[in-house]
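A.B. asks: One structure, as structure tokens, below. Some questions next.
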Amino acid sequence: MPTSWMLYELMEISAALGLVVGSIVSAMALRRAHKRRQRLETQLKAASGAFMEMLNEKLDEWGLTPAEQDVALFAIKGFSTREISEMRNTSEGTIKAQTNAIYRKAGVSGRPQLLSLFIDDLMGDALVAE
């Protein structure tokens with residue numbers, strides 16, 4: 001038996017309303033996601049700035065020379081001795097002497113311990129067992 005034209009029109013109107021409602025809900029979800037992304041980007045910038053501030057405070061606290069501070073930053077960023085010497089246009093021996101002075105002033109024995117100082121400060125009380 002054929003479908004009446006009223007039922008057919010009712011089905012089309014329902015489908016159109018469903019599409020409109022779906023579009024509105026999708027737009028709201030997209031807007032909410034965009035706001036969340038912006039908020040997270042702002043928080044990341046703040047955290048990055050706080051890390052650099054903390055890093056500079058530590059380097060000043062240890063009494064590093066400007067050259068040693070540059071080398072320390074490169075070392076923390078993960079550059080090798082050779083790469084640091086190329087960027088600073090100095091010999092690898094100079095960089096090794098500067099990194100040894102950095103480790104001595106920071107009270108650590110090497111790069112992993114130097115990095116762990118900053119990680120510990122960043123993590124704060126989060127590592128303390130409950």
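By convention here, the chains of the structure tokens are called A, B, ... in the order presented, each chain's residues are numbered starting at 1, and ligands are numbered starting at 1 in the order presented.
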Taking 4 positions as the minimum chain separation for residues in the same chain, which residues sit within 7 Å of Leu115 in chain A when counting only C-alpha atoms? Answer as a list in words.
C.D. replies: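 Counting only the stated atoms, we get Ile76, Arg111 and Ile119 of chain A.
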A.B. asks: If you run DSSP on the backbone here, which positions in chain A get helix (DSSP H, G or I)? Please write them as a PyMOL selection string.
C.D. replies: chain A and resi 5-61+66-76+81-88+92-106+111-127
A.B. asks: Tell me, as a CSV table (one decimal) with N, CA, C and O atoms, in the first residue's frame, which residues lie within 10 Å of Thr65 in chain A, counting only C-alpha atoms; anything in the same chain fewer than 6 positions away does not count.
C.D. replies:
```
chain,number,residue,atom,x,y,z
A,59,LEU,N,70.3,28.8,37.4
A,59,LEU,CA,71.6,29.1,36.8
A,59,LEU,C,72.2,30.2,37.6
A,59,LEU,O,73.4,30.2,37.8
A,71,VAL,N,75.9,27.2,27.7
A,71,VAL,CA,76.3,25.8,27.6
A,71,VAL,C,75.3,24.9,28.4
A,71,VAL,O,74.8,23.9,27.9
A,98,GLN,N,83.6,23.6,30.5
A,98,GLN,CA,82.5,24.3,31.0
A,98,GLN,C,81.4,23.4,31.6
A,98,GLN,O,80.8,23.8,32.6
A,101,ALA,N,82.4,22.4,35.0
A,101,ALA,CA,82.2,23.4,35.9
A,101,ALA,C,80.8,23.6,36.3
A,101,ALA,O,80.4,23.8,37.5
A,102,ILE,N,79.9,23.4,35.3
A,102,ILE,CA,78.4,23.5,35.6
A,102,ILE,C,78.0,22.4,36.5
A,102,ILE,O,77.3,22.6,37.5
```
